[in-house]
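So this one's target-v5.pdb, PDB, C-alpha atoms:
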```pdb
ATOM      1  CA  MET F  22      17.900 -30.413  26.223
ATOM      2  CA  HIS F  23      19.208 -28.038  28.903
ATOM      3  CA  LEU F  24      22.451 -26.108  28.507
ATOM      4  CA  GLU F  25      24.194 -28.205  31.132
ATOM      5  CA  ASP F  26      23.166 -31.345  29.266
ATOM      6  CA  ASN F  27      24.732 -29.992  26.085
ATOM      7  CA  SER F  28      27.906 -29.265  27.998
ATOM      8  CA  GLU F  29      27.973 -32.774  29.413
ATOM      9  CA  VAL F  30      27.405 -34.368  26.012
ATOM     10  CA  ALA F  31      30.228 -32.237  24.572
ATOM     11  CA  LYS F  32      32.548 -33.411  27.360
ATOM     12  CA  ASN F  33      31.559 -37.014  26.724
ATOM     13  CA  MET F  34      32.197 -36.590  22.999
ATOM     14  CA  GLU F  35      35.750 -35.505  23.820
ATOM     15  CA  VAL F  36      36.305 -38.812  25.604
ATOM     16  CA  ILE F  37      34.733 -40.684  22.688
ATOM     17  CA  GLY F  38      37.257 -38.951  20.436
ATOM     18  CA  MET F  39      40.062 -40.219  22.651
ATOM     19  CA  LEU F  40      38.944 -43.799  21.943
ATOM     20  CA  GLN F  41      39.369 -43.574  18.156
ATOM     21  CA  GLY F  42      42.549 -45.651  18.100
ATOM     22  CA  PHE F  43      41.164 -48.302  20.448
ATOM     23  CA  VAL F  44      37.973 -48.612  18.395
ATOM     24  CA  ALA F  45      39.945 -48.867  15.132
ATOM     25  CA  GLU F  46      41.995 -51.679  16.664
ATOM     26  CA  THR F  47      38.796 -53.410  17.783
ATOM     27  CA  VAL F  48      37.565 -53.421  14.167
ATOM     28  CA  GLU F  49      40.625 -55.497  13.297
ATOM     29  CA  THR F  50      40.527 -57.806  16.320
ATOM     30  CA  SER F  51      36.798 -58.327  16.960
ATOM     31  CA  LEU F  52      35.169 -58.161  13.530
ATOM     32  CA  LEU F  53      35.780 -60.446  10.561
ATOM     33  CA  ASP F  54      37.073 -59.867   7.066
ATOM     34  CA  PRO F  55      34.117 -60.041   4.638
ATOM     35  CA  ASP F  56      35.902 -62.782   2.691
ATOM     36  CA  ASP F  57      36.123 -64.934   5.824
ATOM     37  CA  CYS F  58      32.592 -64.366   7.177
ATOM     38  CA  TRP F  59      29.809 -66.893   6.951
ATOM     39  CA  GLN F  60      27.026 -65.849   4.597
ATOM     40  CA  PRO F  61      23.312 -66.751   4.526
ATOM     41  CA  THR F  62      23.828 -69.074   1.549
ATOM     42  CA  ASP F  63      26.015 -71.306   3.738
ATOM     43  CA  PHE F  64      22.867 -72.406   5.585
ATOM     44  CA  LEU F  65      20.277 -72.389   2.786
ATOM     45  CA  PRO F  66      19.381 -74.729  -0.109
ATOM     46  CA  ASP F  67      21.533 -73.953  -3.154
ATOM     47  CA  PHE F  68      19.247 -73.219  -6.091
ATOM     48  CA  THR F  69      22.125 -73.580  -8.542
ATOM     49  CA  LYS F  70      22.350 -77.313  -7.826
ATOM     50  CA  ASP F  71      20.242 -80.304  -8.765
ATOM     51  CA  GLY F  72      18.125 -81.696  -5.959
ATOM     52  CA  VAL F  73      17.507 -78.296  -4.426
ATOM     53  CA  PHE F  74      13.764 -78.870  -4.170
ATOM     54  CA  GLU F  75      14.387 -81.978  -2.107
ATOM     55  CA  GLU F  76      16.435 -79.807   0.232
ATOM     56  CA  VAL F  77      13.577 -77.306   0.446
ATOM     57  CA  LYS F  78      11.187 -80.171   1.195
ATOM     58  CA  LYS F  79      13.418 -81.333   4.059
ATOM     59  CA  LEU F  80      13.589 -77.789   5.406
ATOM     60  CA  ARG F  81       9.807 -77.520   5.384
ATOM     61  CA  GLU F  82       9.435 -80.900   7.073
ATOM     62  CA  ARG F  83      11.797 -79.819   9.852
ATOM     63  CA  THR F  84      10.107 -76.479  10.452
ATOM     64  CA  ALA F  85       6.612 -78.028  10.388
ATOM     65  CA  CYS F  86       7.348 -79.516  13.812
ATOM     66  CA  ILE F  87       8.295 -76.229  15.446
ATOM     67  CA  PRO F  88       5.599 -74.785  17.771
ATOM     68  CA  ASP F  89       3.822 -71.638  16.577
ATOM     69  CA  SER F  90       5.138 -69.701  19.570
ATOM     70  CA  VAL F  91       8.740 -70.454  18.632
ATOM     71  CA  ILE F  92       8.140 -69.474  14.994
ATOM     72  CA  THR F  93       6.555 -66.233  16.216
ATOM     73  CA  SER F  94       9.564 -65.516  18.427
ATOM     74  CA  LEU F  95      11.877 -66.221  15.502
ATOM     75  CA  VAL F  96       9.889 -63.853  13.276
ATOM     76  CA  GLY F  97      10.154 -61.117  15.889
ATOM     77  CA  ASN F  98      13.904 -61.656  16.158
ATOM     78  CA  MET F  99      14.188 -61.483  12.372
ATOM     79  CA  ILE F 100      12.118 -58.302  12.131
ATOM     80  CA  THR F 101      14.339 -56.722  14.768
ATOM     81  CA  GLU F 102      17.430 -57.627  12.737
ATOM     82  CA  GLU F 103      15.875 -56.362   9.500
ATOM     83  CA  ALA F 104      15.467 -52.856  10.923
ATOM     84  CA  LEU F 105      19.241 -52.438  10.783
ATOM     85  CA  PRO F 106      19.131 -49.241   8.658
ATOM     86  CA  SER F 107      17.567 -47.420  11.602
ATOM     87  CA  TYR F 108      20.216 -48.662  14.016
ATOM     88  CA  GLN F 109      23.126 -47.624  11.798
ATOM     89  CA  THR F 110      21.555 -44.198  11.309
ATOM     90  CA  TYR F 111      21.167 -43.811  15.071
ATOM     91  CA  PHE F 112      24.750 -44.874  15.770
ATOM     92  CA  ASN F 113      26.199 -42.520  13.165
ATOM     93  CA  LEU F 114      24.195 -39.591  14.540
ATOM     94  CA  ILE F 115      25.695 -40.251  17.975
ATOM     95  CA  VAL F 116      29.407 -40.841  17.291
ATOM     96  CA  ASN F 117      30.147 -39.788  13.695
ATOM     97  CA  GLU F 118      31.134 -36.135  14.040
ATOM     98  CA  GLU F 119      32.655 -36.084  10.539
ATOM     99  CA  LYS F 120      29.325 -37.069   8.947
ATOM    100  CA  ASP F 121      31.371 -38.939   6.323
ATOM    101  CA  LEU F 122      30.346 -42.570   6.010
ATOM    102  CA  THR F 123      33.513 -43.453   4.065
ATOM    103  CA  SER F 124      35.859 -41.998   6.683
ATOM    104  CA  THR F 125      38.781 -43.981   8.098
ATOM    105  CA  ASN F 126      37.821 -42.645  11.543
ATOM    106  CA  GLY F 127      37.764 -45.559  14.002
ATOM    107  CA  TRP F 128      34.152 -45.080  15.045
ATOM    108  CA  VAL F 129      32.947 -44.773  11.436
ATOM    109  CA  ARG F 130      34.876 -47.882  10.418
ATOM    110  CA  TRP F 131      33.322 -49.720  13.367
ATOM    111  CA  SER F 132      29.834 -48.591  12.379
ATOM    112  CA  ARG F 133      30.269 -49.838   8.812
ATOM    113  CA  ALA F 134      31.884 -53.154   9.720
ATOM    114  CA  TRP F 135      29.444 -53.877  12.562
ATOM    115  CA  THR F 136      26.479 -53.095  10.297
ATOM    116  CA  ALA F 137      27.853 -55.321   7.539
ATOM    117  CA  GLU F 138      28.077 -58.263   9.935
ATOM    118  CA  GLU F 139      24.656 -57.644  11.436
ATOM    119  CA  ASN F 140      23.063 -57.347   7.995
ATOM    120  CA  ARG F 141      23.524 -61.082   7.388
ATOM    121  CA  HIS F 142      21.313 -61.991  10.338
ATOM    122  CA  GLY F 143      18.056 -60.605   8.987
ATOM    123  CA  ASP F 144      18.849 -61.848   5.475
ATOM    124  CA  LEU F 145      19.348 -65.418   6.670
ATOM    125  CA  LEU F 146      16.356 -65.627   9.007
ATOM    126  CA  ASN F 147      14.077 -63.959   6.454
ATOM    127  CA  LYS F 148      14.977 -66.443   3.713
ATOM    128  CA  TYR F 149      14.745 -69.416   6.039
ATOM    129  CA  LEU F 150      11.287 -68.418   7.233
ATOM    130  CA  TYR F 151      10.170 -67.690   3.664
ATOM    131  CA  LEU F 152      11.189 -71.185   2.538
ATOM    132  CA  SER F 153       9.559 -72.779   5.588
ATOM    133  CA  GLY F 154       6.070 -71.741   4.545
ATOM    134  CA  ARG F 155       5.204 -71.192   8.207
ATOM    135  CA  CYS F 156       4.662 -67.447   7.894
ATOM    136  CA  ASP F 157       2.342 -65.015   6.209
ATOM    137  CA  MET F 158       5.269 -63.198   4.642
ATOM    138  CA  LYS F 159       3.152 -60.267   3.469
ATOM    139  CA  GLU F 160       2.234 -59.540   7.092
ATOM    140  CA  VAL F 161       5.857 -59.981   8.141
ATOM    141  CA  GLU F 162       7.111 -57.690   5.380
ATOM    142  CA  GLN F 163       4.582 -55.027   6.309
ATOM    143  CA  THR F 164       5.788 -55.161   9.913
ATOM    144  CA  ILE F 165       9.407 -54.720   8.809
ATOM    145  CA  HIS F 166       8.317 -51.815   6.608
ATOM    146  CA  ARG F 167       6.463 -50.161   9.486
ATOM    147  CA  LEU F 168       9.335 -50.634  11.911
ATOM    148  CA  ILE F 169      11.853 -48.928   9.624
ATOM    149  CA  TYR F 170       9.248 -46.325   8.626
ATOM    150  CA  ASN F 171       8.600 -45.469  12.289
ATOM    151  CA  GLY F 172      12.299 -45.023  13.049
ATOM    152  CA  PHE F 173      14.253 -45.840  16.166
ATOM    153  CA  ASN F 174      14.935 -44.026  19.412
ATOM    154  CA  ALA F 175      17.148 -45.651  22.028
ATOM    155  CA  ASN F 176      16.307 -42.763  24.360
ATOM    156  CA  THR F 177      19.967 -41.889  24.959
ATOM    157  CA  ASN F 178      19.521 -38.088  24.617
ATOM    158  CA  ASN F 179      22.396 -37.850  22.103
ATOM    159  CA  ASP F 180      24.801 -38.916  24.849
ATOM    160  CA  PRO F 181      27.500 -41.288  23.489
ATOM    161  CA  TYR F 182      28.091 -42.761  26.958
ATOM    162  CA  GLN F 183      24.441 -43.776  27.217
ATOM    163  CA  ALA F 184      24.680 -45.165  23.680
ATOM    164  CA  MET F 185      27.534 -47.443  24.759
ATOM    165  CA  VAL F 186      25.540 -48.635  27.757
ATOM    166  CA  TYR F 187      22.560 -49.279  25.491
ATOM    167  CA  THR F 188      24.506 -51.252  22.885
ATOM    168  CA  SER F 189      26.349 -53.271  25.544
ATOM    169  CA  PHE F 190      23.018 -54.250  27.073
ATOM    170  CA  GLN F 191      21.184 -54.787  23.809
ATOM    171  CA  GLU F 192      23.829 -56.952  22.138
ATOM    172  CA  ARG F 193      23.814 -59.252  25.161
ATOM    173  CA  ALA F 194      20.007 -59.359  25.179
ATOM    174  CA  THR F 195      19.940 -60.221  21.471
ATOM    175  CA  LYS F 196      22.521 -62.943  22.008
ATOM    176  CA  ILE F 197      20.415 -64.487  24.769
ATOM    177  CA  SER F 198      17.288 -64.349  22.604
ATOM    178  CA  HIS F 199      18.971 -66.115  19.681
ATOM    179  CA  VAL F 200      20.596 -68.743  21.905
ATOM    180  CA  ASN F 201      17.300 -69.630  23.577
ATOM    181  CA  THR F 202      15.418 -69.707  20.261
ATOM    182  CA  GLY F 203      18.086 -72.063  18.927
ATOM    183  CA  LYS F 204      17.612 -74.378  21.899
ATOM    184  CA  LEU F 205      13.852 -74.527  21.260
ATOM    185  CA  ALA F 206      14.403 -75.176  17.541
ATOM    186  CA  ASP F 207      16.771 -78.020  18.387
ATOM    187  CA  LYS F 208      14.248 -79.468  20.837
ATOM    188  CA  ALA F 209      11.611 -79.376  18.073
ATOM    189  CA  GLY F 210      13.908 -81.283  15.720
ATOM    190  CA  ASP F 211      15.320 -78.563  13.482
ATOM    191  CA  SER F 212      19.062 -78.828  14.045
ATOM    192  CA  THR F 213      19.803 -76.554  11.065
ATOM    193  CA  LEU F 214      17.746 -73.699  12.487
ATOM    194  CA  SER F 215      19.346 -74.308  15.853
ATOM    195  CA  ARG F 216      22.780 -73.952  14.251
ATOM    196  CA  ILE F 217      21.651 -70.763  12.503
ATOM    197  CA  CYS F 218      20.460 -69.180  15.745
ATOM    198  CA  LYS F 219      23.620 -70.165  17.588
ATOM    199  CA  THR F 220      25.803 -68.830  14.771
ATOM    200  CA  ILE F 221      23.993 -65.483  14.865
ATOM    201  CA  ALA F 222      24.329 -65.485  18.658
ATOM    202  CA  GLY F 223      28.078 -65.946  18.178
ATOM    203  CA  ASP F 224      28.208 -62.723  16.159
ATOM    204  CA  GLU F 225      26.203 -60.928  18.820
ATOM    205  CA  ALA F 226      28.605 -62.187  21.483
ATOM    206  CA  ARG F 227      31.590 -60.676  19.637
ATOM    207  CA  HIS F 228      29.750 -57.387  19.203
ATOM    208  CA  GLU F 229      28.675 -57.396  22.840
ATOM    209  CA  LYS F 230      32.267 -57.899  23.973
ATOM    210  CA  ALA F 231      33.402 -54.957  21.849
ATOM    211  CA  TYR F 232      30.743 -52.531  23.075
ATOM    212  CA  LYS F 233      31.393 -53.533  26.677
ATOM    213  CA  SER F 234      35.107 -52.853  26.138
ATOM    214  CA  PHE F 235      34.283 -49.374  24.794
ATOM    215  CA  MET F 236      32.308 -48.655  27.946
ATOM    216  CA  SER F 237      35.085 -50.114  30.117
ATOM    217  CA  LYS F 238      37.481 -47.566  28.596
ATOM    218  CA  ILE F 239      35.003 -44.792  29.372
ATOM    219  CA  PHE F 240      34.903 -45.895  33.016
ATOM    220  CA  GLU F 241      38.714 -45.813  33.129
ATOM    221  CA  ILE F 242      38.844 -42.249  31.790
ATOM    222  CA  ASP F 243      35.673 -40.761  33.298
ATOM    223  CA  PRO F 244      34.182 -42.981  36.035
ATOM    224  CA  ASN F 245      31.780 -40.299  37.262
ATOM    225  CA  GLY F 246      30.404 -39.624  33.806
ATOM    226  CA  GLY F 247      30.205 -43.313  32.969
ATOM    227  CA  LEU F 248      28.373 -44.094  36.186
ATOM    228  CA  LYS F 249      25.898 -41.279  35.624
ATOM    229  CA  ALA F 250      25.184 -42.475  32.071
ATOM    230  CA  PHE F 251      24.700 -46.066  33.237
ATOM    231  CA  GLU F 252      22.260 -44.936  35.913
ATOM    232  CA  GLN F 253      20.333 -42.711  33.496
ATOM    233  CA  MET F 254      19.877 -45.510  30.980
ATOM    234  CA  MET F 255      18.717 -47.997  33.579
ATOM    235  CA  ARG F 256      16.254 -45.575  35.183
ATOM    236  CA  LYS F 257      14.654 -45.101  31.753
ATOM    237  CA  GLN F 258      14.861 -48.863  31.143
ATOM    238  CA  ILE F 259      16.309 -50.311  27.963
ATOM    239  CA  ALA F 260      13.918 -49.823  25.047
ATOM    240  CA  MET F 261      14.033 -52.857  22.784
ATOM    241  CA  PRO F 262      14.977 -52.084  19.140
ATOM    242  CA  ALA F 263      11.664 -53.378  17.772
ATOM    243  CA  ILE F 264       9.459 -51.359  20.111
ATOM    244  CA  LEU F 265       8.042 -49.244  17.238
ATOM    245  CA  MET F 266       7.104 -52.193  15.012
ATOM    246  CA  ALA F 267       3.394 -51.274  15.086
ATOM    247  CA  ASP F 268       1.449 -48.137  14.240
ATOM    248  CA  GLY F 269      -2.106 -46.875  14.645
ATOM    249  CA  ALA F 270      -3.343 -48.588  11.516
ATOM    250  CA  LYS F 271      -2.788 -52.108  12.778
ATOM    251  CA  ASN F 272      -2.203 -53.839  16.107
ATOM    252  CA  THR F 273      -0.824 -51.128  18.407
ATOM    253  CA  ASN F 274      -0.002 -53.844  20.960
ATOM    254  CA  LEU F 275       2.127 -55.830  18.514
ATOM    255  CA  PHE F 276       5.423 -55.372  20.330
ATOM    256  CA  THR F 277       3.781 -55.976  23.715
ATOM    257  CA  ASP F 278       2.212 -59.187  22.429
ATOM    258  CA  PHE F 279       5.500 -60.331  20.895
ATOM    259  CA  SER F 280       7.291 -59.643  24.190
ATOM    260  CA  ALA F 281       4.673 -61.652  26.074
ATOM    261  CA  ILE F 282       5.315 -64.629  23.810
ATOM    262  CA  THR F 283       9.091 -64.490  24.312
ATOM    263  CA  GLN F 284       8.492 -64.203  28.057
ATOM    264  CA  LYS F 285       6.125 -67.180  28.083
ATOM    265  CA  ILE F 286       8.406 -69.574  26.180
ATOM    266  CA  GLY F 287      11.604 -68.413  27.886
ATOM    267  CA  VAL F 288      13.324 -66.779  24.912
ATOM    268  CA  TYR F 289      13.805 -63.431  26.647
ATOM    269  CA  THR F 290      12.429 -62.799  30.115
ATOM    270  CA  THR F 291      12.548 -60.411  33.045
ATOM    271  CA  TRP F 292      15.024 -62.834  34.611
ATOM    272  CA  ASP F 293      17.284 -62.262  31.613
ATOM    273  CA  TYR F 294      16.927 -58.492  31.995
ATOM    274  CA  ALA F 295      17.996 -58.793  35.635
ATOM    275  CA  SER F 296      20.919 -61.066  34.755
ATOM    276  CA  ILE F 297      22.237 -58.580  32.176
ATOM    277  CA  ILE F 298      22.176 -55.759  34.736
ATOM    278  CA  GLU F 299      23.981 -57.995  37.221
ATOM    279  CA  HIS F 300      26.573 -58.934  34.589
ATOM    280  CA  LEU F 301      27.324 -55.337  33.554
ATOM    281  CA  VAL F 302      27.503 -54.090  37.141
ATOM    282  CA  SER F 303      30.037 -56.832  37.868
ATOM    283  CA  LEU F 304      32.021 -56.404  34.634
ATOM    284  CA  TRP F 305      32.403 -52.647  35.011
ATOM    285  CA  LYS F 306      33.212 -53.059  38.732
ATOM    286  CA  ILE F 307      30.530 -50.565  39.720
ATOM    287  CA  GLU F 308      30.571 -51.577  43.377
ATOM    288  CA  THR F 309      34.293 -50.846  43.800
ATOM    289  CA  LEU F 310      34.487 -47.474  42.012
ATOM    290  CA  THR F 311      35.986 -44.820  44.293
ATOM    291  CA  GLY F 312      36.553 -41.060  44.287
ATOM    292  CA  LEU F 313      32.994 -40.447  43.122
ATOM    293  CA  LYS F 314      31.380 -37.013  43.146
ATOM    294  CA  ASP F 315      28.344 -35.045  41.913
ATOM    295  CA  GLY F 316      25.850 -37.599  43.157
ATOM    296  CA  ALA F 317      27.648 -40.563  41.603
ATOM    297  CA  SER F 318      27.619 -42.446  44.918
ATOM    298  CA  LYS F 319      23.813 -42.510  44.828
ATOM    299  CA  ALA F 320      23.982 -43.796  41.252
ATOM    300  CA  GLN F 321      26.384 -46.483  42.447
ATOM    301  CA  ASP F 322      23.976 -47.632  45.169
ATOM    302  CA  TYR F 323      21.063 -47.632  42.750
ATOM    303  CA  LEU F 324      22.883 -49.755  40.176
ATOM    304  CA  CYS F 325      24.280 -52.234  42.680
ATOM    305  CA  ASN F 326      20.764 -53.015  43.967
ATOM    306  CA  LEU F 327      18.928 -52.894  40.652
ATOM    307  CA  ALA F 328      19.310 -56.529  39.577
ATOM    308  CA  THR F 329      17.814 -57.713  42.867
ATOM    309  CA  ARG F 330      14.806 -55.435  42.317
ATOM    310  CA  TYR F 331      14.178 -56.933  38.876
ATOM    311  CA  LYS F 332      14.539 -60.463  40.218
ATOM    312  CA  LYS F 333      11.775 -59.698  42.721
ATOM    313  CA  ILE F 334       9.621 -58.389  39.863
ATOM    314  CA  ALA F 335      10.323 -61.585  37.913
ATOM    315  CA  GLU F 336       9.236 -63.707  40.876
ATOM    316  CA  ARG F 337       5.864 -61.943  40.993
ATOM    317  CA  MET F 338       5.152 -62.006  37.265
ATOM    318  CA  LYS F 339       2.302 -64.166  36.028
ATOM    319  CA  VAL F 340       2.668 -66.418  33.009
ATOM    320  CA  PRO F 341       1.239 -64.522  29.999
ATOM    321  CA  GLU F 342      -1.831 -65.761  28.170
ATOM    322  CA  ASP F 343      -1.449 -67.607  24.851
ATOM    323  CA  ILE F 344      -1.247 -65.081  22.013
ATOM    324  CA  SER F 345      -1.370 -65.600  18.249
ATOM    325  CA  LEU F 346       0.000 -62.956  15.893
ATOM    326  CA  SER F 347      -0.792 -62.310  12.240
ATOM    327  CA  TRP F 348       2.726 -63.313  11.200
ATOM    328  CA  LEU F 349       1.800 -67.009  11.127
ATOM    329  CA  SER F 350       0.457 -68.801   8.079
ATOM    330  CA  ASN F 351      -2.917 -70.516   8.458
ATOM    331  CA  LYS F 352      -2.320 -72.842   5.535
ATOM    332  CA  LYS F 353      -1.615 -76.509   6.065
ATOM    333  CA  LEU F 354       1.638 -77.430   4.394
ATOM    334  CA  ALA F 355       1.913 -80.268   1.869
ATOM    335  CA  PHE F 356       5.201 -82.043   1.199
TER
END
```

Rewritten as structure tokens:
Amino acid sequence: MHLEDNSEVAKNMEVIGMLQGFVAETVETSLLDPDDCWQPTDFLPDFTKDGVFEEVKKLRERTACIPDSVITSLVGNMITEEALPSYQTYFNLIVNEEKDLTSTNGWVRWSRAWTAEENRHGDLLNKYLYLSGRCDMKEVEQTIHRLIYNGFNANTNNDPYQAMVYTSFQERATKISHVNTGKLADKAGDSTLSRICKTIAGDEARHEKAYKSFMSKIFEIDPNGGLKAFEQMMRKQIAMPAILMADGAKNTNLFTDFSAITQKIGVYTTWDYASIIEHLVSLWKIETLTGLKDGASKAQDYLCNLATRYKKIAERMKVPEDISLSWLSNKKLAF
């Protein structure tokens, strides 16, 4: 990193420090008390009660009707959620200057509370898929292991502004993915799984709103810096959290293949990517920002035209070939 980059990051960290009170308030207004939160057991068969195996049988009957492609998409979503340790580590490296994970600092409190809410998502989807019998769980578990082992890099260059852009974008993308998976589960006849996906999407929507509000505050205080960070992130493109799920020992195209499946069945597509850009540009009022300097006007033009460019790419994209991943079980289920 060049000296001027270090100087810019330091300046941005000063602004991040100014948001401590706002972020602390957001913990109270946007996140839930642990005693009031839903938990995975609210959606799963209760093994402390009689008749639980009948409930498991019903679960397996429902999931047996779900297409392989939808199960694969769900597995990929779950694996992404299960790599949460990497995401919390990344976030703390960016905004936690105290390096104290028990601090009452607003950003540290947010990191803990956000992580605690997100942690339920992977737990619930993992258990549901395990009970369904539709997956080769050893393969799935190895993928989770590899993804956490390989780490995570959002490519934000230690810049907290870029981190806020990334999380604003990514939370919305995750919400869209869960919503669309829920719709496909409902169409296949599994209303419980549909409710699970929509409930998780509801969490993501709250988190998305919070991260977008953090970035909105940055634009109020430092519009030039915020605009530059937004442009930098979008020129690099948003790297999906699960991009490092494979390594050289197995399928190096695993994430690419997973992405092709979500594109093919409409869970998360290039159209969605374009719509998120369009949404953020509108929300942060990029087109109407004034008093710009240091090349920010060019960044403004770039961002205002970017969604249209991605829509044109989406129009030209071919439908991906059918792909089968090792996450699926080959065994025929008996009820």

>> Please report the interatomic distance between CA of Met34 (chain F) and CA of Asn179 (chain F) in Å with one decimal.
In response: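 These atoms are spaced 9.9 Å apart.
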
> Applied to the shown file, which residues does the PyMOL selection byres ((chain F and resi 140) around 10) return, written as a ChimeraX atom specification?
Replying inline: /F:60,102-106,134-139,141-145

> Smallest atom-to-atom distance to Thr329 (chain F): which of F:Cys86, F:Val200, F:Ile298, F:Leu346, using all atoms listed in the file?
Replying inline: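 Smallest distance to Thr329 (chain F) is found for F:Ile298.
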
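Distance cut-off 8 Å, centre (4.9, -68.2, 32.9), atoms counted only C-alpha atoms; the residues meeting this are Gln284, Lys285, Ile286, Met338, Lys339, Val340 and Pro341 of chain F.
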
> CA of Leu313 (chain F) and CA of Ile239 (chain F) are how many Å apart?
Replying inline: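 So the answer is 14.6 Å.
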
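Applied to this file, the PyMOL selection byres ((chain F and resi 183) around 10) selects Val30, Asn33, Ile115, Ala175, Asn176, Thr177, Asn178, Asn179, Asp180, Pro181, Tyr182, Ala184, Met185, Val186, Tyr187, Thr188, Ser189, Met236, Gly246, Gly247, Leu248, Lys249, Ala250, Phe251, Glu252, Gln253, Met254 and Met255 of chain F.
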
Just write the chosen residues, C-alpha atoms, as a PDB file, keeping the file's coordinate frame.
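Okay, selection_11.pdb is ready:
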```
ATOM      1  CA  VAL F  30      27.405 -34.368  26.012  1.00  0.00           C
ATOM      2  CA  ASN F  33      31.559 -37.014  26.724  1.00  0.00           C
ATOM      3  CA  ILE F 115      25.695 -40.251  17.975  1.00  0.00           C
ATOM      4  CA  ALA F 175      17.148 -45.651  22.028  1.00  0.00           C
ATOM      5  CA  ASN F 176      16.307 -42.763  24.360  1.00  0.00           C
ATOM      6  CA  THR F 177      19.967 -41.889  24.959  1.00  0.00           C
ATOM      7  CA  ASN F 178      19.521 -38.088  24.617  1.00  0.00           C
ATOM      8  CA  ASN F 179      22.396 -37.850  22.103  1.00  0.00           C
ATOM      9  CA  ASP F 180      24.801 -38.916  24.849  1.00  0.00           C
ATOM     10  CA  PRO F 181      27.500 -41.288  23.489  1.00  0.00           C
ATOM     11  CA  TYR F 182      28.091 -42.761  26.958  1.00  0.00           C
ATOM     12  CA  ALA F 184      24.680 -45.165  23.680  1.00  0.00           C
ATOM     13  CA  MET F 185      27.534 -47.443  24.759  1.00  0.00           C
ATOM     14  CA  VAL F 186      25.540 -48.635  27.757  1.00  0.00           C
ATOM     15  CA  TYR F 187      22.560 -49.279  25.491  1.00  0.00           C
ATOM     16  CA  THR F 188      24.506 -51.252  22.885  1.00  0.00           C
ATOM     17  CA  SER F 189      26.349 -53.271  25.544  1.00  0.00           C
ATOM     18  CA  MET F 236      32.308 -48.655  27.946  1.00  0.00           C
ATOM     19  CA  GLY F 246      30.404 -39.624  33.806  1.00  0.00           C
ATOM     20  CA  GLY F 247      30.205 -43.313  32.969  1.00  0.00           C
ATOM     21  CA  LEU F 248      28.373 -44.094  36.186  1.00  0.00           C
ATOM     22  CA  LYS F 249      25.898 -41.279  35.624  1.00  0.00           C
ATOM     23  CA  ALA F 250      25.184 -42.475  32.071  1.00  0.00           C
ATOM     24  CA  PHE F 251      24.700 -46.066  33.237  1.00  0.00           C
ATOM     25  CA  GLU F 252      22.260 -44.936  35.913  1.00  0.00           C
ATOM     26  CA  GLN F 253      20.333 -42.711  33.496  1.00  0.00           C
ATOM     27  CA  MET F 254      19.877 -45.510  30.980  1.00  0.00           C
ATOM     28  CA  MET F 255      18.717 -47.997  33.579  1.00  0.00           C
TER      29      MET F 255
END
```

>> Which residues would end up in the selection if the PyMOL selection byres ((chain F and resi 36-46) around 10) were applied here, given that I need the answer as JSON, numbers by chain?
In response: {"F": [30, 31, 32, 33, 34, 35, 47, 48, 49, 50, 51, 52, 116, 117, 118, 125, 126, 127, 128, 129, 130, 131, 181, 182, 231, 232, 234, 235, 236, 238, 239, 242, 243]}

>> What does the structure give for the distance between CA of Ser350 (chain F) and CA of Pro61 (chain F), in Å to one decimal?
In response: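 Spanning CA of Ser350 (chain F) to CA of Pro61 (chain F) is a straight-line distance of 23.2 Å.
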
>> Calculated over all atoms listed in the file, which of the candidates F:Leu80, F:Ile344, F:Met266, F:Leu95 has the smallest distance to Gly172 (chain F)?
In response: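 Ranked by minimum distance to Gly172 (chain F), first place goes to F:Met266.
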
> What's the 12 Å shell around Met99 (chain F), counting all atoms listed in the file, without same-chain residues fewer than 6 positions away, as a VMD selection string?
Replying inline: chain F and resid 92 to 93 105 139 to 151 158 161 to 162 164 to 165 168 195 198 to 199 202 217 to 218 221 262 to 263 266 348

Give me a file of those residues, with C-alpha atoms, as a tab-separated table (two decimals), in the frame of the given file.
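Generated output (selection_8.tsv):
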```
chain	number	residue	atom	x	y	z
F	92	ILE	CA	8.14	-69.47	14.99
F	93	THR	CA	6.56	-66.23	16.22
F	105	LEU	CA	19.24	-52.44	10.78
F	139	GLU	CA	24.66	-57.64	11.44
F	140	ASN	CA	23.06	-57.35	8.00
F	141	ARG	CA	23.52	-61.08	7.39
F	142	HIS	CA	21.31	-61.99	10.34
F	143	GLY	CA	18.06	-60.60	8.99
F	144	ASP	CA	18.85	-61.85	5.48
F	145	LEU	CA	19.35	-65.42	6.67
F	146	LEU	CA	16.36	-65.63	9.01
F	147	ASN	CA	14.08	-63.96	6.45
F	148	LYS	CA	14.98	-66.44	3.71
F	149	TYR	CA	14.74	-69.42	6.04
F	150	LEU	CA	11.29	-68.42	7.23
F	151	TYR	CA	10.17	-67.69	3.66
F	158	MET	CA	5.27	-63.20	4.64
F	161	VAL	CA	5.86	-59.98	8.14
F	162	GLU	CA	7.11	-57.69	5.38
F	164	THR	CA	5.79	-55.16	9.91
F	165	ILE	CA	9.41	-54.72	8.81
F	168	LEU	CA	9.34	-50.63	11.91
F	195	THR	CA	19.94	-60.22	21.47
F	198	SER	CA	17.29	-64.35	22.60
F	199	HIS	CA	18.97	-66.11	19.68
F	202	THR	CA	15.42	-69.71	20.26
F	217	ILE	CA	21.65	-70.76	12.50
F	218	CYS	CA	20.46	-69.18	15.74
F	221	ILE	CA	23.99	-65.48	14.86
F	262	PRO	CA	14.98	-52.08	19.14
F	263	ALA	CA	11.66	-53.38	17.77
F	266	MET	CA	7.10	-52.19	15.01
F	348	TRP	CA	2.73	-63.31	11.20
```

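Between Asp315 (chain F) and the residues F:Phe190, F:Pro244, F:Asp343, F:His228, the shortest atom-to-atom distance, using all atoms listed in the file, involves F:Pro244.
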